[in-house]
Amino acid sequence: MYNINTIAQVIGAKRIGTTDATINWLLIDSRSLSFPEETLFFALKTPKNDGHKYIPQLIRRGVRNFVVEEGADYSVPPAHSASCNFLVVSSPLQALQQLAAWHRSQFQIPVIAITGSNGKTTVKEWLYQLLSPDYNVCRSPRSYNSQVGVPLSVWLLSSHHDIAIFEAGISQPGEMERLEQILHPTIGVMTNLGSAHQENFLSYDIKCSEKMQLFRHADKMVICSQDTTIHRCASLLPPSIRRQQITPLRIEKAEGAATIYFEAEGQTHSYTIPFIDDAAIQNSITCVATVIALGGIDTETLCQRMSHLEPVAMRLEVKEGIRGCTLINDTYNSDIHSLDIALDFMVRRSHARPQNLKTSQSQNLTLILSEILQSGLSPRSLYSQVAQMAATRGIGKVILVGDEISRCASCFPMEHYAFHSTDAFLASPLFQQLRDELILIKGARQFHFDKISDLLTLKVHQTILEVNLSALQENLRHYRSFIQDPQTKIVCMVKASAYGTGALETSKTLQDAGVDYLAVAVADEGADLRRAGITANIMVMNPETTSFKMLFDHRLEPEVFSFEILEALIRAAEKHGITDFPVHIKLDTGMHRLGFNPLEDMPRLISRLQRQTALVPCSVFSHFVGSDSAQFDDFSRHQFALFDAASRCLQQAYSHKILRHICNSAAIQHFPQWQLDMVRLGLGLYGIDPATNAILNNVATLKTTILQIRNVPAGDSIGYSRRTVLQRPSRIAAIPIGYADGLNRRLGNRQCYCLVNGQRADYVGNICMDVCMIDVTDIDCRVGDHAVIFGDDLPVTVLSDAIGTIPYEVLTSISNRVQHVYVQES
């Protein structure tokens with residue numbers, strides 16, 4: 001795309017190296033490399049990582065072009081020093097943004113930039129569906145809307161594009177101005193304004209004004225929200241920016257569809273969408289207003305296309321398949337860049353499977369791929385690139401579906417098969433031969449790859465726990481934002497099967513996010529993670545004497561809380577010839593559960609540790625009793641004083657750094673002055689604020705489906721022991737979930753409820769082992785509709801409050817027979 005000299009001039013870099021190079025690909029993560037010869041690597045620094053340390057590895061893999069920070073420390077293998085180019089800048093991140101802004105300036109096409117707290121991705125994808133019949137559209141892969149994601153998205157612009165649609169998201173003041181300089185949109189779109197990242201802004205108005213910076217040089221802006229703050233902030237923008245909005249007149253809902261009547265430019269129109277939820281209706285109005293603002297499509301054609309909008313699958317799904325397979329379902333984007341992202345996701349999880357997979361053997365990597373549409377490249381050039389991407393990621397088998405891609409099958413050096421249609425593949429012997437494979441299903445909508453996913457999915461139980469890995473990552477970022485010292489490490493608790501969410505996939509996600517430690521309760525949990533390919537440090541909170549060999553074999557670091565366990569561990573380590581095995585010393589400062597006495601035991605503990613070489617303390621820690629409540633602050637201060645004195649004594653006995661940690665999820669926010677060297681993140685990671693029980697970003701959704709609905713007359717009873725007697729003629733639905741799945745019996749007899757089509761449905765009668773009954777008298781529903789036990793709109797705290805317990809108990813009670821489906825949202 002650009003010569004290395006041109007790029008150096010654009011970003012104002014000092015160039016070291018004289019090798020000629022053409023750059024087509026930008027890289028910020030060494031794990032995502034596909035085309036080394038044409039790649040420019042930006043060595044970004046973050047609070048937890050430094051891209052410069054990956055330069056030697058990338059050079060060995062064929063990369064020769066790097067953007068580095070002035071004064072940064074990095075090494076170059078001597079054999080390659082003459083063939084590399086280094087562009088030295090003051091900030092690689094600013095250089096990346098500067099390059100993207102310059103690249104954007106080379107194109108005089110309409111650019112639509114979308115911001116807001118929710119709905120950005122849906123609006124972007126629906127706009128793509130509406131515009132792609134007439135235009136070649138460039139759009140952000142997934143939700144690449146950050147300070148790094150936006151420039152990478154803009155880099156995708158090429159000469160064959162007619163229109164570009166990008167998302168822009170912010171989490172800190174000052175960020176939108178930089179994104180506006182990169183995007184320079186002609187049309188700005190505001191979806192809505194929610195509470196996400198509000199903790200980083202002094203007020204709702206300030207956050208709104210920050211988002212409005214995206215529109216300051218736009219020709220038009222689209223605002224369909226009724227939020228008065230948004231309109232007030234928009235009024236402060238230059239009057240030259242034309243506002244485009246449509247006026248909804250009325251909305252009619254019926255049989256899974258909504259018809260919206262609206263007025264635009266003095267005329268009345270209507271359109272129907274195959275959705276009835278309020279968010280979809282609002283997003284559709286935003287899309288209509290945006291297309292009208294763009295022009296080029298008449299309103300009648302636009303309204304016709306609205307009826308054909310398809311749901312936006314904003315996530316990758318990881319789920320158990322038949323015959324020992326694991327499926328990654330991604331039919332969200334059909335382009336080479338989203339394929340690159342999906343392959344990257346696949347390879348990072350090639351050794352980690354959902355917790356309920358029974359097979360322990362390794363899985364081969366298989367890609368099922370349809371034709372890629374609107375690439376702007378010749379088929380041979382396009383599929384040669386795809387083949388190289390697949391080969392670089394170690395894909396062993398490729399199944400190609402479509403006429404054009406089949407004609408290019410010879411581009412793929414690995415085992416490959418070609419079919420003209422999805423049905424032809426499903427009817428082939430090859431489909432029946434898929435076994436023990438990790439399969440990425442990636443296809444354009446018109447190829448109906450949902451058929452493949454459905455037939456390959458293991459049908460074990462209609463009740464599933466959906467685990468949102470993106471929400472997990474967002475909760476981690478939320479707590480990281482409260483950590484004052486970037487050197488402070490994080491321990492993430494994944495004990496009890498990661499609070500019921502499934503330890504393997506959760507741990508893989510946390511490992512990818514760069515956490516410093518994972519913590520499990522017993523050695524078996526840690527060994528399972530090691531066998532699944534987890535390489536992060538793992539702390540075992542409750543080691544047992546029978547598990548010591550397992551600890552040594554799998555590099556699991558035990559907590560030591562008593563002299564008995566200390567002596568036993570020393571003997572076991574010495575027996576196996578082990579020296580300097582890392583352990584974590586626990587002090588009891590007031591919990592009175594486990595731990596050494598910080599006043600009485602320290603001299604003896606230090607003396608014993610110093611008289612042996614089998615073990616070495618790498619951390620010392622304690623537990624707050626009540627960091628989630630201000631009423632216990634005096635006792636918390638007492639606890640910290642005991643811990644501080646005792647832990648300092650231990651540190652004085654050693655020359656190496658011993659990590660000190662006492663803050664749990666609540667204390668990270670409540671006692672920032674005591675974050676010390678490391679903090680431990682538990683319930684907050686899974687989306688529940690331990691101090692308020694408020695939901696942060698919901699990670700787990702438990703849902704099932706209606707099996708049967710019957711009409712029951714007033715006066716009849718429901719379920720065992722006739723505990724619920726109906727007061728009116730009722731419609732009673734049966735759903736396949738019971739106390740064997742983790743649904744507590746105390747929730748029955750109208751003590752709590754689930755949601756059916758967004759409406760409350762009381763549990764009636766006693767909860768049975770495998771089934772329960774719900775009252776759907778006033779709900780428009782049918783057999784096969786979903787019932788949400790807890791999730792985004794029904795917090796798990798509603799269930800825990802109803803039975804007088806804590807969210808931990810509800811989450812960890814979910815049975816292993818409940819299928820776990822993992823989703824990675826955009």
# chains A, B, ... in the order shown; residues from 1 in each chain; ligands from 1
call {"tool": "select_by_dssp", "arguments": {"residues": "region 278-509 of chain A", "states": "strand (DSSP E)", "output": "PyMOL selection string"}}
result
chain A and resi 315-320+326-329+364-370+397-401+415-419+437-442+464-468+489-493
call {"tool": "residues_around", "arguments": {"residues": "region 385-390 of chain A", "least_positions_apart": "2", "cutoff": "8 Å", "atoms": "only C-alpha atoms", "output": "VMD selection string"}}
result
chain A and resid 34 to 35 336 340 343 381 to 383 392 to 395 411 to 413
call {"tool": "write_last_selection", "arguments": {"atoms": "N, CA, C and O atoms", "output": "PDB file, in the first residue's frame"}}
result
ATOM      1  N   SER A  34       0.270 -12.424  10.263  1.00  0.00           N
ATOM      2  CA  SER A  34      -0.078 -13.244   9.105  1.00  0.00           C
ATOM      3  C   SER A  34       0.869 -13.020   7.930  1.00  0.00           C
ATOM      4  O   SER A  34       1.263 -13.962   7.259  1.00  0.00           O
ATOM      5  N   PHE A  35       1.213 -11.772   7.640  1.00  0.00           N
ATOM      6  CA  PHE A  35       1.999 -11.428   6.452  1.00  0.00           C
ATOM      7  C   PHE A  35       3.256 -10.665   6.876  1.00  0.00           C
ATOM      8  O   PHE A  35       3.290  -9.432   6.817  1.00  0.00           O
ATOM      9  N   ILE A 336     -12.025 -10.323   4.845  1.00  0.00           N
ATOM     10  CA  ILE A 336     -10.726 -10.890   5.185  1.00  0.00           C
ATOM     11  C   ILE A 336     -10.240 -10.426   6.555  1.00  0.00           C
ATOM     12  O   ILE A 336      -9.566 -11.159   7.278  1.00  0.00           O
ATOM     13  N   ASP A 340      -9.414 -12.711   9.853  1.00  0.00           N
ATOM     14  CA  ASP A 340      -8.140 -12.636  10.561  1.00  0.00           C
ATOM     15  C   ASP A 340      -8.365 -12.604  12.076  1.00  0.00           C
ATOM     16  O   ASP A 340      -7.701 -13.297  12.844  1.00  0.00           O
ATOM     17  N   LEU A 343      -9.665 -16.096  13.240  1.00  0.00           N
ATOM     18  CA  LEU A 343      -8.580 -17.077  13.273  1.00  0.00           C
ATOM     19  C   LEU A 343      -7.692 -16.859  14.483  1.00  0.00           C
ATOM     20  O   LEU A 343      -7.240 -17.816  15.133  1.00  0.00           O
ATOM     21  N   SER A 381      -6.091 -13.456  -5.911  1.00  0.00           N
ATOM     22  CA  SER A 381      -5.328 -12.668  -4.943  1.00  0.00           C
ATOM     23  C   SER A 381      -5.956 -12.760  -3.549  1.00  0.00           C
ATOM     24  O   SER A 381      -5.263 -12.941  -2.541  1.00  0.00           O
ATOM     25  N   LEU A 382      -7.291 -12.658  -3.494  1.00  0.00           N
ATOM     26  CA  LEU A 382      -7.992 -12.710  -2.215  1.00  0.00           C
ATOM     27  C   LEU A 382      -7.749 -14.032  -1.506  1.00  0.00           C
ATOM     28  O   LEU A 382      -7.333 -14.065  -0.344  1.00  0.00           O
ATOM     29  N   TYR A 383      -7.975 -15.145  -2.200  1.00  0.00           N
ATOM     30  CA  TYR A 383      -7.904 -16.439  -1.536  1.00  0.00           C
ATOM     31  C   TYR A 383      -6.465 -16.905  -1.319  1.00  0.00           C
ATOM     32  O   TYR A 383      -6.210 -17.759  -0.468  1.00  0.00           O
ATOM     33  N   THR A 392      -0.495 -19.703   8.319  1.00  0.00           N
ATOM     34  CA  THR A 392       0.271 -19.089   9.400  1.00  0.00           C
ATOM     35  C   THR A 392      -0.301 -19.478  10.758  1.00  0.00           C
ATOM     36  O   THR A 392       0.444 -19.648  11.729  1.00  0.00           O
ATOM     37  N   ARG A 393      -1.614 -19.622  10.849  1.00  0.00           N
ATOM     38  CA  ARG A 393      -2.265 -19.966  12.122  1.00  0.00           C
ATOM     39  C   ARG A 393      -2.270 -21.462  12.396  1.00  0.00           C
ATOM     40  O   ARG A 393      -2.807 -21.906  13.400  1.00  0.00           O
ATOM     41  N   GLY A 394      -1.719 -22.267  11.499  1.00  0.00           N
ATOM     42  CA  GLY A 394      -1.655 -23.702  11.743  1.00  0.00           C
ATOM     43  C   GLY A 394      -2.938 -24.448  11.447  1.00  0.00           C
ATOM     44  O   GLY A 394      -3.173 -25.532  11.991  1.00  0.00           O
ATOM     45  N   ILE A 395      -3.790 -23.900  10.583  1.00  0.00           N
ATOM     46  CA  ILE A 395      -5.032 -24.583  10.222  1.00  0.00           C
ATOM     47  C   ILE A 395      -4.686 -25.833   9.407  1.00  0.00           C
ATOM     48  O   ILE A 395      -3.984 -25.760   8.401  1.00  0.00           O
ATOM     49  N   CYS A 411      -5.227 -22.713  -4.086  1.00  0.00           N
ATOM     50  CA  CYS A 411      -4.434 -21.740  -3.320  1.00  0.00           C
ATOM     51  C   CYS A 411      -4.095 -22.252  -1.926  1.00  0.00           C
ATOM     52  O   CYS A 411      -3.156 -21.762  -1.301  1.00  0.00           O
ATOM     53  N   PHE A 412      -4.879 -23.224  -1.427  1.00  0.00           N
ATOM     54  CA  PHE A 412      -4.752 -23.650  -0.037  1.00  0.00           C
ATOM     55  C   PHE A 412      -3.796 -24.836   0.056  1.00  0.00           C
ATOM     56  O   PHE A 412      -4.093 -25.918  -0.474  1.00  0.00           O
ATOM     57  N   PRO A 413      -2.652 -24.659   0.737  1.00  0.00           N
ATOM     58  CA  PRO A 413      -1.631 -25.716   0.765  1.00  0.00           C
ATOM     59  C   PRO A 413      -1.984 -26.860   1.716  1.00  0.00           C
ATOM     60  O   PRO A 413      -1.424 -27.948   1.597  1.00  0.00           O
TER      61      PRO A 413
END
call {"tool": "atom_distance", "arguments": {"atom1": "CA of Gly62 (chain A)", "atom2": "CA of Glu37 (chain A)"}}
result
6.3 Å
call {"tool": "closest_residue", "arguments": {"among": "A:Ile732, A:Cys752, A:Val137, A:Leu193", "to": "Gly804 (chain A)", "atoms": "only C-alpha atoms"}}
result
A:Cys752
call {"tool": "residues_around", "arguments": {"residues": "region 78-81 of chain A", "least_positions_apart": "2", "cutoff": "10 Å", "atoms": "only C-alpha atoms", "output": "list in words"}}
result
Gly17, Pro56, Ile59, Arg60, Gly62, Arg64, Ser75, Val76, Ser83, Cys84 and Asn85 of chain A
